[in-house]
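S.K.: My structure is in query.txt, and what it holds is compact mmCIF, C-alpha atoms:
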# COMPACT_ATOMS: atom_id res chain seq x y z
CA MET A 1 -46.42 -72.06 -131.56
CA ARG A 2 -43.16 -70.66 -132.83
CA VAL A 3 -40.09 -71.49 -130.79
CA GLU A 4 -38.85 -67.90 -131.12
CA TYR A 5 -41.39 -66.90 -128.49
CA ILE A 6 -40.08 -69.26 -125.86
CA ASN A 7 -36.35 -68.71 -126.39
CA PRO A 8 -36.26 -65.22 -124.86
CA PHE A 9 -37.97 -66.59 -121.74
CA VAL A 10 -35.51 -69.44 -121.44
CA GLU A 11 -32.50 -67.17 -122.00
CA ALA A 12 -33.84 -64.63 -119.52
CA ALA A 13 -34.53 -67.35 -116.94
CA PHE A 14 -30.95 -68.56 -117.31
CA ASN A 15 -29.48 -65.07 -116.95
CA ILE A 16 -31.59 -64.05 -113.98
CA LEU A 17 -31.41 -67.37 -112.10
CA ARG A 18 -27.65 -67.49 -112.55
CA GLU A 19 -27.37 -63.96 -111.22
CA VAL A 20 -29.70 -64.24 -108.21
CA LEU A 21 -28.73 -67.78 -107.17
CA ASN A 22 -25.10 -67.50 -108.14
CA ALA A 23 -25.02 -71.13 -109.32
CA GLU A 24 -24.83 -73.20 -112.48
CA ILE A 25 -28.05 -74.29 -114.10
CA THR A 26 -28.84 -76.65 -116.94
CA ARG A 27 -31.79 -77.04 -119.25
CA GLY A 28 -33.73 -80.17 -119.98
CA GLU A 29 -35.43 -81.22 -123.20
CA LEU A 30 -38.07 -78.90 -124.56
CA TYR A 31 -41.45 -80.53 -125.00
CA LEU A 32 -44.86 -79.63 -126.31
CA LYS A 33 -48.26 -80.14 -124.73
CA SER A 34 -51.54 -79.42 -126.36
CA ALA A 35 -53.95 -80.68 -123.70
CA SER A 36 -54.20 -80.29 -119.93
CA GLN A 37 -51.07 -80.72 -117.91
CA PRO A 38 -50.32 -80.96 -114.21
CA VAL A 39 -48.93 -77.94 -112.35
CA LEU A 40 -46.14 -78.76 -109.92
CA GLY A 41 -47.47 -76.97 -106.83
CA VAL A 42 -46.33 -73.36 -107.05
CA ALA A 43 -46.90 -71.49 -110.30
CA ALA A 44 -46.25 -67.84 -111.08
CA ILE A 45 -48.34 -66.77 -114.05
CA VAL A 46 -47.84 -63.71 -116.24
CA GLY A 47 -50.31 -62.80 -118.99
CA LEU A 48 -49.35 -61.27 -122.36
CA ALA A 49 -51.68 -59.26 -124.56
CA GLY A 50 -50.89 -57.44 -127.78
CA ASP A 51 -49.35 -58.61 -131.07
CA VAL A 52 -48.86 -61.88 -129.21
CA GLU A 53 -51.22 -63.11 -126.54
CA GLY A 54 -51.23 -65.91 -124.02
CA ARG A 55 -49.49 -66.64 -120.77
CA VAL A 56 -46.21 -67.77 -119.24
CA LEU A 57 -46.05 -70.04 -116.21
CA PHE A 58 -43.03 -70.50 -113.99
CA ASP A 59 -43.90 -73.78 -112.40
CA MET A 60 -42.12 -75.54 -109.54
CA SER A 61 -42.72 -77.76 -106.53
CA ARG A 62 -43.33 -76.18 -103.14
CA PRO A 63 -39.96 -77.36 -101.69
CA THR A 64 -38.20 -75.93 -104.75
CA ALA A 65 -40.01 -72.60 -104.36
CA ILE A 66 -39.05 -72.45 -100.67
CA ALA A 67 -35.42 -73.35 -101.46
CA ILE A 68 -35.18 -70.69 -104.19
CA ALA A 69 -36.82 -68.03 -102.02
CA SER A 70 -34.46 -68.97 -99.15
CA ALA A 71 -31.42 -68.64 -101.40
CA MET A 72 -32.58 -65.29 -102.78
CA ASN A 73 -33.20 -63.94 -99.28
CA GLY A 74 -30.01 -65.35 -97.80
CA GLU A 75 -31.95 -67.01 -94.98
CA GLU A 76 -33.82 -70.28 -94.47
CA LEU A 77 -37.55 -69.88 -94.96
CA SER A 78 -39.51 -72.70 -93.34
CA ASP A 79 -42.59 -72.22 -95.48
CA LEU A 80 -43.81 -70.31 -98.50
CA ASP A 81 -44.94 -67.33 -96.43
CA ASP A 82 -45.68 -63.80 -97.69
CA LEU A 83 -41.97 -63.05 -98.09
CA GLY A 84 -41.48 -66.32 -100.00
CA LYS A 85 -44.35 -65.54 -102.33
CA ALA A 86 -43.11 -61.97 -102.85
CA THR A 87 -39.70 -63.42 -103.71
CA ILE A 88 -41.04 -65.86 -106.33
CA THR A 89 -43.21 -63.04 -107.74
CA GLU A 90 -40.17 -60.82 -108.07
CA LEU A 91 -38.25 -63.64 -109.74
CA ALA A 92 -41.05 -64.02 -112.30
CA ASN A 93 -41.08 -60.24 -112.75
CA MET A 94 -37.38 -60.01 -113.47
CA ILE A 95 -37.34 -62.95 -115.90
CA THR A 96 -40.39 -61.70 -117.77
CA ALA A 97 -39.07 -58.14 -117.97
CA GLN A 98 -35.84 -59.32 -119.55
CA ALA A 99 -37.63 -61.67 -121.98
CA VAL A 100 -40.09 -59.01 -123.02
CA THR A 101 -37.31 -56.53 -123.69
CA LYS A 102 -35.87 -59.06 -126.15
CA LEU A 103 -39.25 -59.69 -127.78
CA HIS A 104 -39.88 -55.95 -128.08
CA ASP A 105 -36.49 -55.61 -129.77
CA LEU A 106 -37.61 -58.31 -132.23
CA GLY A 107 -40.58 -56.11 -133.06
CA PHE A 108 -43.39 -57.74 -131.03
CA LYS A 109 -45.49 -55.25 -129.11
CA PHE A 110 -47.58 -56.35 -126.15
CA ASP A 111 -48.35 -55.61 -122.51
CA LEU A 112 -47.92 -57.79 -119.45
CA THR A 113 -50.06 -58.46 -116.42
CA PRO A 114 -48.45 -58.36 -112.98
CA PRO A 115 -47.47 -61.89 -111.88
CA ALA A 116 -49.90 -63.92 -109.78
CA ILE A 117 -48.90 -66.94 -107.73
CA PHE A 118 -50.99 -70.10 -107.56
CA THR A 119 -50.27 -72.66 -104.87
CA GLY A 120 -51.97 -75.97 -104.21
CA ASP A 121 -51.99 -79.70 -104.89
CA ASN A 122 -53.38 -81.57 -107.87
CA MET A 123 -53.72 -78.49 -110.05
CA GLU A 124 -53.67 -78.58 -113.79
CA VAL A 125 -53.61 -75.97 -116.50
CA THR A 126 -55.59 -76.22 -119.72
CA ASP A 127 -54.92 -74.05 -122.73
CA THR A 128 -57.55 -74.26 -125.36
CA GLU A 129 -56.61 -73.27 -128.89
CA VAL A 130 -52.97 -72.69 -128.08
CA GLU A 131 -50.35 -75.31 -127.37
CA ALA A 132 -47.82 -74.96 -124.59
CA LEU A 133 -44.07 -75.27 -124.97
CA ILE A 134 -42.26 -76.35 -121.83
CA VAL A 135 -38.59 -76.06 -120.98
CA PRO A 136 -37.43 -77.63 -117.71
CA VAL A 137 -34.59 -75.78 -116.01
CA ASN A 138 -32.56 -77.74 -113.47
CA LEU A 139 -31.15 -76.00 -110.43
CA GLU A 140 -29.50 -77.11 -107.24
CA GLN A 141 -32.84 -76.28 -105.55
CA GLY A 142 -34.88 -78.45 -107.93
CA LYS A 143 -36.62 -77.94 -111.24
CA ILE A 144 -38.48 -74.97 -112.67
CA GLU A 145 -40.61 -75.57 -115.74
CA ILE A 146 -40.95 -72.57 -118.00
CA ASN A 147 -44.28 -73.11 -119.65
CA VAL A 148 -45.14 -70.73 -122.47
CA ALA A 149 -48.45 -70.73 -124.33
CA VAL A 150 -48.69 -67.74 -126.66
CA ARG A 151 -49.90 -67.14 -130.17
CA GLU A 152 -50.00 -64.26 -132.61
CA ARG A 153 -53.20 -62.29 -132.42
CA ALA A 154 -55.41 -63.11 -135.37
CA MET B 155 5.52 -62.49 -81.31
CA LYS B 156 2.74 -61.03 -83.35
CA THR B 157 0.94 -58.16 -81.80
CA LYS B 158 -2.36 -56.66 -82.73
CA MET B 159 -0.39 -54.05 -84.65
CA ASP B 160 0.56 -56.63 -87.28
CA PHE B 161 -3.02 -57.16 -88.42
CA PRO B 162 -5.12 -54.63 -90.21
CA ASN B 163 -8.28 -53.97 -88.28
CA ILE B 164 -11.19 -54.56 -90.61
CA ASN B 165 -13.41 -52.56 -88.31
CA GLU B 166 -11.44 -49.46 -89.08
CA ARG B 167 -13.07 -49.10 -92.48
CA LYS B 168 -15.67 -46.43 -92.27
CA ALA B 169 -19.18 -47.64 -93.07
CA GLU B 170 -20.30 -46.01 -96.31
CA GLY B 171 -23.69 -45.09 -94.91
CA VAL B 172 -22.26 -42.85 -92.22
CA ARG B 173 -21.46 -39.20 -92.82
CA ALA B 174 -18.29 -37.45 -91.73
CA ASP B 175 -20.18 -36.08 -88.71
CA GLY B 176 -20.93 -39.62 -87.55
CA ASN B 177 -24.63 -39.57 -88.38
CA ALA B 178 -26.10 -42.14 -90.72
CA TYR B 179 -27.72 -41.20 -94.03
CA ARG B 180 -31.50 -41.61 -93.69
CA VAL B 181 -33.29 -43.53 -96.42
CA LEU B 182 -36.93 -44.03 -97.36
CA VAL B 183 -37.57 -47.23 -99.36
CA VAL B 184 -40.66 -47.19 -101.62
CA ASP B 185 -41.50 -50.55 -103.24
CA ASP B 186 -44.60 -52.75 -103.45
CA SER B 187 -42.52 -55.92 -103.21
CA MET B 188 -41.75 -57.06 -99.68
CA PHE B 189 -38.78 -58.97 -101.09
CA VAL B 190 -37.20 -55.94 -102.78
CA THR B 191 -37.81 -53.71 -99.74
CA LYS B 192 -36.10 -56.25 -97.52
CA GLN B 193 -33.22 -56.68 -99.96
CA ILE B 194 -32.54 -52.92 -100.26
CA SER B 195 -32.93 -52.41 -96.51
CA GLN B 196 -30.50 -55.21 -95.72
CA ILE B 197 -27.86 -53.92 -98.13
CA LEU B 198 -28.14 -50.36 -96.80
CA THR B 199 -28.30 -51.12 -93.07
CA SER B 200 -25.29 -53.46 -93.37
CA GLU B 201 -23.34 -50.44 -94.56
CA GLY B 202 -24.52 -48.17 -91.74
CA PHE B 203 -27.42 -46.41 -93.49
CA ASP B 204 -30.56 -45.82 -91.47
CA VAL B 205 -33.75 -46.97 -93.22
CA VAL B 206 -36.15 -44.51 -91.60
CA GLY B 207 -39.26 -45.55 -93.51
CA THR B 208 -40.77 -47.90 -96.06
CA ALA B 209 -43.85 -47.49 -98.26
CA LYS B 210 -45.78 -49.93 -100.48
CA ASP B 211 -46.92 -47.55 -103.22
CA GLY B 212 -46.21 -44.11 -104.64
CA GLN B 213 -48.94 -42.39 -102.67
CA GLU B 214 -47.73 -43.75 -99.34
CA GLY B 215 -44.16 -42.91 -100.40
CA LEU B 216 -45.09 -39.28 -100.98
CA GLU B 217 -46.92 -39.04 -97.66
CA LYS B 218 -44.01 -40.66 -95.78
CA TYR B 219 -41.55 -38.27 -97.44
CA LYS B 220 -43.57 -35.24 -96.31
CA GLU B 221 -43.83 -36.70 -92.82
CA LEU B 222 -40.11 -37.39 -92.56
CA TYR B 223 -38.93 -34.17 -94.21
CA PRO B 224 -36.37 -32.70 -93.55
CA ASN B 225 -35.07 -35.77 -91.74
CA VAL B 226 -34.58 -37.88 -94.85
CA ASP B 227 -31.58 -37.88 -97.19
CA LEU B 228 -32.53 -40.32 -99.92
CA VAL B 229 -35.46 -42.20 -101.45
CA THR B 230 -35.29 -45.46 -103.41
CA MET B 231 -38.35 -45.54 -105.66
CA ASP B 232 -39.77 -48.53 -107.53
CA ILE B 233 -41.36 -47.60 -110.87
CA THR B 234 -44.27 -50.00 -111.27
CA MET B 235 -46.53 -49.84 -108.20
CA PRO B 236 -50.27 -49.82 -107.50
CA LYS B 237 -52.26 -46.64 -106.60
CA MET B 238 -49.53 -44.23 -107.68
CA ASP B 239 -46.57 -45.24 -109.84
CA GLY B 240 -43.02 -44.29 -108.96
CA VAL B 241 -42.62 -41.66 -111.68
CA THR B 242 -45.66 -39.71 -110.47
CA SER B 243 -44.56 -40.07 -106.87
CA LEU B 244 -41.09 -38.77 -107.82
CA GLU B 245 -42.66 -35.80 -109.59
CA LYS B 246 -44.72 -34.90 -106.53
CA ILE B 247 -41.79 -35.35 -104.15
CA ILE B 248 -39.66 -33.00 -106.30
CA GLU B 249 -42.56 -30.53 -106.38
CA PHE B 250 -42.57 -30.58 -102.58
CA ASP B 251 -38.77 -30.56 -102.16
CA LYS B 252 -36.78 -29.60 -105.24
CA ASP B 253 -33.57 -30.89 -103.62
CA ALA B 254 -34.96 -34.37 -102.91
CA ARG B 255 -32.58 -37.17 -103.80
CA VAL B 256 -34.50 -39.99 -105.41
CA ILE B 257 -33.06 -43.13 -107.05
CA MET B 258 -35.35 -45.13 -109.33
CA ILE B 259 -35.45 -48.93 -109.06
CA SER B 260 -36.43 -50.42 -112.38
CA ALA B 261 -37.01 -53.74 -114.08
CA LEU B 262 -35.36 -54.13 -117.46
CA GLY B 263 -37.32 -52.70 -120.38
CA LYS B 264 -38.49 -49.49 -118.71
CA GLN B 265 -35.93 -47.22 -120.37
CA ASP B 266 -38.52 -44.65 -121.36
CA LEU B 267 -39.78 -44.31 -117.80
CA VAL B 268 -36.25 -44.21 -116.44
CA LYS B 269 -35.38 -41.44 -118.89
CA LYS B 270 -38.51 -39.53 -117.93
CA SER B 271 -37.61 -39.90 -114.24
CA LEU B 272 -34.11 -38.56 -114.80
CA LEU B 273 -35.55 -35.57 -116.65
CA LEU B 274 -37.95 -34.99 -113.76
CA GLY B 275 -35.06 -34.86 -111.31
CA ALA B 276 -34.24 -38.40 -110.20
CA LYS B 277 -30.55 -38.58 -109.28
CA ASN B 278 -29.88 -42.06 -110.61
CA TYR B 279 -31.42 -45.47 -111.31
CA ILE B 280 -30.73 -49.13 -110.60
CA VAL B 281 -31.91 -51.98 -112.84
CA LYS B 282 -33.01 -55.19 -111.12
CA PRO B 283 -31.83 -57.80 -110.16
CA LEU B 284 -30.21 -55.81 -107.38
CA ASP B 285 -26.87 -56.66 -105.91
CA ARG B 286 -24.94 -55.12 -103.08
CA LYS B 287 -22.24 -53.54 -105.21
CA LYS B 288 -24.64 -51.99 -107.70
CA VAL B 289 -26.94 -50.60 -104.99
CA LEU B 290 -24.16 -49.08 -102.86
CA GLU B 291 -22.38 -47.60 -105.87
CA ARG B 292 -25.48 -45.81 -107.16
CA VAL B 293 -26.66 -44.72 -103.72
CA LEU B 294 -23.29 -43.23 -102.80
CA MET B 295 -23.03 -41.52 -106.17
CA SER B 296 -26.39 -39.86 -105.53
CA LEU B 297 -25.37 -38.62 -102.10
CA LYS B 298 -22.20 -36.91 -103.29
As structure tokens, please, write out the structure in this file.
M.R.:
Amino acid sequence: MRVEYINPFVEAAFNILREVLNAEITRGELYLKSASQPVLGVAAIVGLAGDVEGRVLFDMSRPTAIAIASAMNGEELSDLDDLGKATITELANMITAQAVTKLHDLGFKFDLTPPAIFTGDNMEVTDTEVEALIVPVNLEQGKIEINVAVRERA
Amino acid sequence: MKTKMDFPNINERKAEGVRADGNAYRVLVVDDSMFVTKQISQILTSEGFDVVGTAKDGQEGLEKYKELYPNVDLVTMDITMPKMDGVTSLEKIIEFDKDARVIMISALGKQDLVKKSLLLGAKNYIVKPLDRKKVLERVLMSLK
């Protein structure tokens, strides 16, 4: 997978997270996975279909998701309730929209699915025929892994 | 000795959401995201606006507008929603009330739909992520 696909997502995540959380964030080392990999507990998934196809996961632990949703709402949420899930969905929406705008400007044309949220323990994601690039983003609230598996349509 | 007169009273600032006659501006918030609805409502009510209704899609937004009319001053309208999108809902609201004041709430990358909305009669637009300053600025601009 070409790195140019993941960069817009990482840049957009930085811009949006900085804006909505009003805090400094840092990125960890990018790594590549070609087989199954564990999902941290709360994952927002957005599908891409067009010139490029695949999916983007915004993956985080449940406490991190609750802490981020709390910060974005300006109140302590005790659990990942409907409001918490709507908040993480909106976060995924905003990051993806910004990333896609950049990719469209680079000439890639594709559509997006609305984000869906998966929650649970011991989940893993398997991408056959397309490898996943993962960039960990470190926040005060914990870590979000931006996990992008896309390829050019044959 | 310092008296009360020495300190400016912060409460003297007029809330932006209140008209000269003392009545609050009445707002209908149309958005399928519970988070965004809450965020907009909080920003507006903190400034004295009265959120008189919320709707989760364009269809419900249109119905609520007709129900509330003429006791509604402004609509905030998401663009991407299930059942009926915000642009269609805007079009139908303007058909019903050509003086309706509607502000579009958009994610980045929807310039074409924003442009279309403005041509259809939307008063303004706000690109997410929303913040207090941006929302109040655009809302007040649309009410003037």
S.K.: Residues around (-41.5, -59.6, -117.3), cut-off 10 Å, counting only C-alpha atoms - what are they as a list in words?
M.R.: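 Those within range, by chain then number, are Phe9, Ala12, Val46, Gly47, Leu48, Val56, Glu90, Leu91, Ala92, Asn93, Met94, Ile95, Thr96, Ala97, Gln98, Ala99, Val100, Thr101, Asp111, Leu112, Thr113, Pro114 and Pro115 of chain A; Ala261, Leu262 and Gly263 of chain B.
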S.K.: Counting all atoms listed in the file, figure out which residue out of B:Ser195, B:Asn278, B:Asn225, B:Ser243 gets nearest to chain A.
M.R.: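 Checking each candidate against chain A, we get B:Ser195 as the closest.
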S.K.: Rank A:Thr87, A:Thr64, A:Asn138, A:Asn122 by their smallest atom-to-atom distance to chain B, using only C-alpha atoms, and report the top residue only.
M.R.: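 Ranking A:Thr87, A:Thr64, A:Asn138, A:Asn122 by distance to chain B, first place goes to A:Thr87.
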S.K.: Near Phe58 in chain A, within 10 Å and counting all atoms listed in the file, which residues show up once chain neighbours fewer than 3 positions away are dropped, as a PyMOL selection string?
M.R.: chain A and resi 13+39-40+42-46+88-89+91-92+95-96+115+117+134-136+144-148
S.K.: Would you be able to write out as a CSV table (one decimal) with C-alpha atoms, in the coordinates of the input which residues have an atom within 12 Å of (-43.6, -40.4, -94.6) in the file's coordinates, counting only C-alpha atoms?
M.R.:
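To be explicit, this is the file written out as out-v3.csv:
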chain,number,residue,atom,x,y,z
B,181,VAL,CA,-33.3,-43.5,-96.4
B,182,LEU,CA,-36.9,-44.0,-97.4
B,183,VAL,CA,-37.6,-47.2,-99.4
B,184,VAL,CA,-40.7,-47.2,-101.6
B,205,VAL,CA,-33.8,-47.0,-93.2
B,206,VAL,CA,-36.2,-44.5,-91.6
B,207,GLY,CA,-39.3,-45.6,-93.5
B,208,THR,CA,-40.8,-47.9,-96.1
B,209,ALA,CA,-43.8,-47.5,-98.3
B,210,LYS,CA,-45.8,-49.9,-100.5
B,211,ASP,CA,-46.9,-47.6,-103.2
B,212,GLY,CA,-46.2,-44.1,-104.6
B,213,GLN,CA,-48.9,-42.4,-102.7
B,214,GLU,CA,-47.7,-43.8,-99.3
B,215,GLY,CA,-44.2,-42.9,-100.4
B,216,LEU,CA,-45.1,-39.3,-101.0
B,217,GLU,CA,-46.9,-39.0,-97.7
B,218,LYS,CA,-44.0,-40.7,-95.8
B,219,TYR,CA,-41.6,-38.3,-97.4
B,220,LYS,CA,-43.6,-35.2,-96.3
B,221,GLU,CA,-43.8,-36.7,-92.8
B,222,LEU,CA,-40.1,-37.4,-92.6
B,223,TYR,CA,-38.9,-34.2,-94.2
B,224,PRO,CA,-36.4,-32.7,-93.6
B,225,ASN,CA,-35.1,-35.8,-91.7
B,226,VAL,CA,-34.6,-37.9,-94.8
B,229,VAL,CA,-35.5,-42.2,-101.4
B,247,ILE,CA,-41.8,-35.4,-104.2
S.K.: Considering all atoms listed in the file, extract the chain B residues located within 9 Å of chain A and return them as a list in words.
M.R.: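 In the required form, that comes to Ser187, Met188, Phe189, Val190, Lys192, Gln193, Ala261, Leu262, Gly263, Lys264, Lys282, Pro283, Leu284 and Asp285 of chain B.
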S.K.: What is the CA of Val256 in chain B-CA of Gly240 in chain B distance in Å, reported with one decimal?
M.R.: 10.2 Å
S.K.: Could you state the separation of CA of Ile66 in chain A and CA of Ala149 in chain A in Å, given to one decimal place?
M.R.: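 Separation between CA of Ile66 in chain A and CA of Ala149 in chain A: 25.5 Å.
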S.K.: Report, in Å with one decimal, the straight-line distance from CA of Thr234 in chain B to CA of Ser271 in chain B.
M.R.: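 It comes out at 12.5 Å.
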S.K.: Pick from A:Val137, A:Met60, A:Val130, A:Ala154: nearest to Ser34 in chain A, with only C-alpha atoms counted?
M.R.: A:Val130
S.K.: With a distance cut-off of 8 Å and all atoms listed in the file, select the neighbouring residues of Leu32 in chain A, excluding the residue or stretch itself and same-chain residues fewer than 3 positions from it, and output the selection as a tab-separated table (two decimals) with C-alpha atoms, in the frame of the given file.
M.R.:
chain	number	residue	atom	x	y	z
A	131	GLU	CA	-50.35	-75.31	-127.37
A	132	ALA	CA	-47.82	-74.96	-124.59
A	133	LEU	CA	-44.07	-75.27	-124.97
A	134	ILE	CA	-42.26	-76.35	-121.83
S.K.: Which residues, written as a PDB file with C-alpha atoms, in the frame of the given file, have at least one atom at most 10 Å from Glu4 in chain A, with only C-alpha atoms counted and residues fewer than 4 positions away on the same chain left out?
M.R.:
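What landed in selection-v6.pdb:
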ATOM      1  CA  PRO A   8     -36.260 -65.220-124.860  1.00  0.00           C
ATOM      2  CA  PHE A   9     -37.970 -66.590-121.740  1.00  0.00           C
ATOM      3  CA  LEU A 103     -39.250 -59.690-127.780  1.00  0.00           C
ATOM      4  CA  LEU A 106     -37.610 -58.310-132.230  1.00  0.00           C
TER       5      LEU A 106
END
S.K.: Please identify all polymer residues within 10 Å of Met258 in chain B, counting all atoms listed in the file, omitting same-chain residues fewer than 3 positions from it, and present them as a list of chain:residue names.
M.R.: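 Everything that qualifies: B:Val184, B:Val229, B:Thr230, B:Met231, B:Asp232, B:Ile233, B:Gly240, B:Val241, B:Leu244, B:Ala261, B:Leu267, B:Val268, B:Ser271, B:Leu272, B:Ala276, B:Lys277, B:Asn278, B:Tyr279, B:Ile280, B:Val281.
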S.K.: Would you fill out range 46-65 of chain A with N, CA and C atoms and return it as a short mmCIF file (atom, residue, chain, number, x, y, z; two decimals), in the frame of the given file?
M.R.:
data_model
loop_
_atom_site.label_atom_id
_atom_site.label_comp_id
_atom_site.auth_asym_id
_atom_site.auth_seq_id
_atom_site.Cartn_x
_atom_site.Cartn_y
_atom_site.Cartn_z
N VAL A 46 -47.87 -65.06 -115.69
CA VAL A 46 -47.84 -63.71 -116.24
C VAL A 46 -48.60 -63.75 -117.56
N GLY A 47 -49.54 -62.85 -117.75
CA GLY A 47 -50.31 -62.80 -118.99
C GLY A 47 -49.70 -61.83 -119.99
N LEU A 48 -49.84 -62.14 -121.28
CA LEU A 48 -49.35 -61.27 -122.36
C LEU A 48 -50.54 -60.90 -123.25
N ALA A 49 -50.62 -59.67 -123.64
CA ALA A 49 -51.68 -59.26 -124.56
C ALA A 49 -51.19 -58.17 -125.48
N GLY A 50 -51.34 -58.40 -126.78
CA GLY A 50 -50.89 -57.44 -127.78
C GLY A 50 -50.73 -58.15 -129.10
N ASP A 51 -49.62 -57.87 -129.82
CA ASP A 51 -49.35 -58.61 -131.07
C ASP A 51 -49.33 -60.11 -130.80
N VAL A 52 -48.78 -60.48 -129.64
CA VAL A 52 -48.86 -61.88 -129.21
C VAL A 52 -49.68 -61.91 -127.94
N GLU A 53 -50.37 -63.03 -127.73
CA GLU A 53 -51.22 -63.11 -126.54
C GLU A 53 -51.13 -64.52 -125.97
N GLY A 54 -51.31 -64.61 -124.67
CA GLY A 54 -51.23 -65.91 -124.02
C GLY A 54 -50.72 -65.73 -122.61
N ARG A 55 -49.98 -66.73 -122.14
CA ARG A 55 -49.49 -66.64 -120.77
C ARG A 55 -48.19 -67.43 -120.61
N VAL A 56 -47.44 -67.05 -119.59
CA VAL A 56 -46.21 -67.77 -119.24
C VAL A 56 -46.35 -68.23 -117.81
N LEU A 57 -46.03 -69.50 -117.57
CA LEU A 57 -46.05 -70.04 -116.21
C LEU A 57 -44.63 -70.38 -115.80
N PHE A 58 -44.27 -70.02 -114.58
CA PHE A 58 -43.03 -70.50 -113.99
C PHE A 58 -43.47 -71.46 -112.90
N ASP A 59 -43.25 -72.74 -113.16
CA ASP A 59 -43.90 -73.78 -112.40
C ASP A 59 -42.85 -74.58 -111.63
N MET A 60 -43.10 -74.79 -110.34
CA MET A 60 -42.12 -75.54 -109.54
C MET A 60 -42.81 -76.20 -108.36
N SER A 61 -42.14 -77.14 -107.72
CA SER A 61 -42.72 -77.76 -106.53
C SER A 61 -42.59 -76.80 -105.35
N ARG A 62 -43.37 -77.04 -104.32
CA ARG A 62 -43.33 -76.18 -103.14
C ARG A 62 -41.94 -76.17 -102.49
N PRO A 63 -41.32 -77.38 -102.27
CA PRO A 63 -39.96 -77.36 -101.69
C PRO A 63 -38.97 -76.58 -102.55
N THR A 64 -39.11 -76.67 -103.87
CA THR A 64 -38.20 -75.93 -104.75
C THR A 64 -38.43 -74.43 -104.58
N ALA A 65 -39.70 -74.02 -104.53
CA ALA A 65 -40.01 -72.60 -104.36
C ALA A 65 -39.43 -72.08 -103.04
#
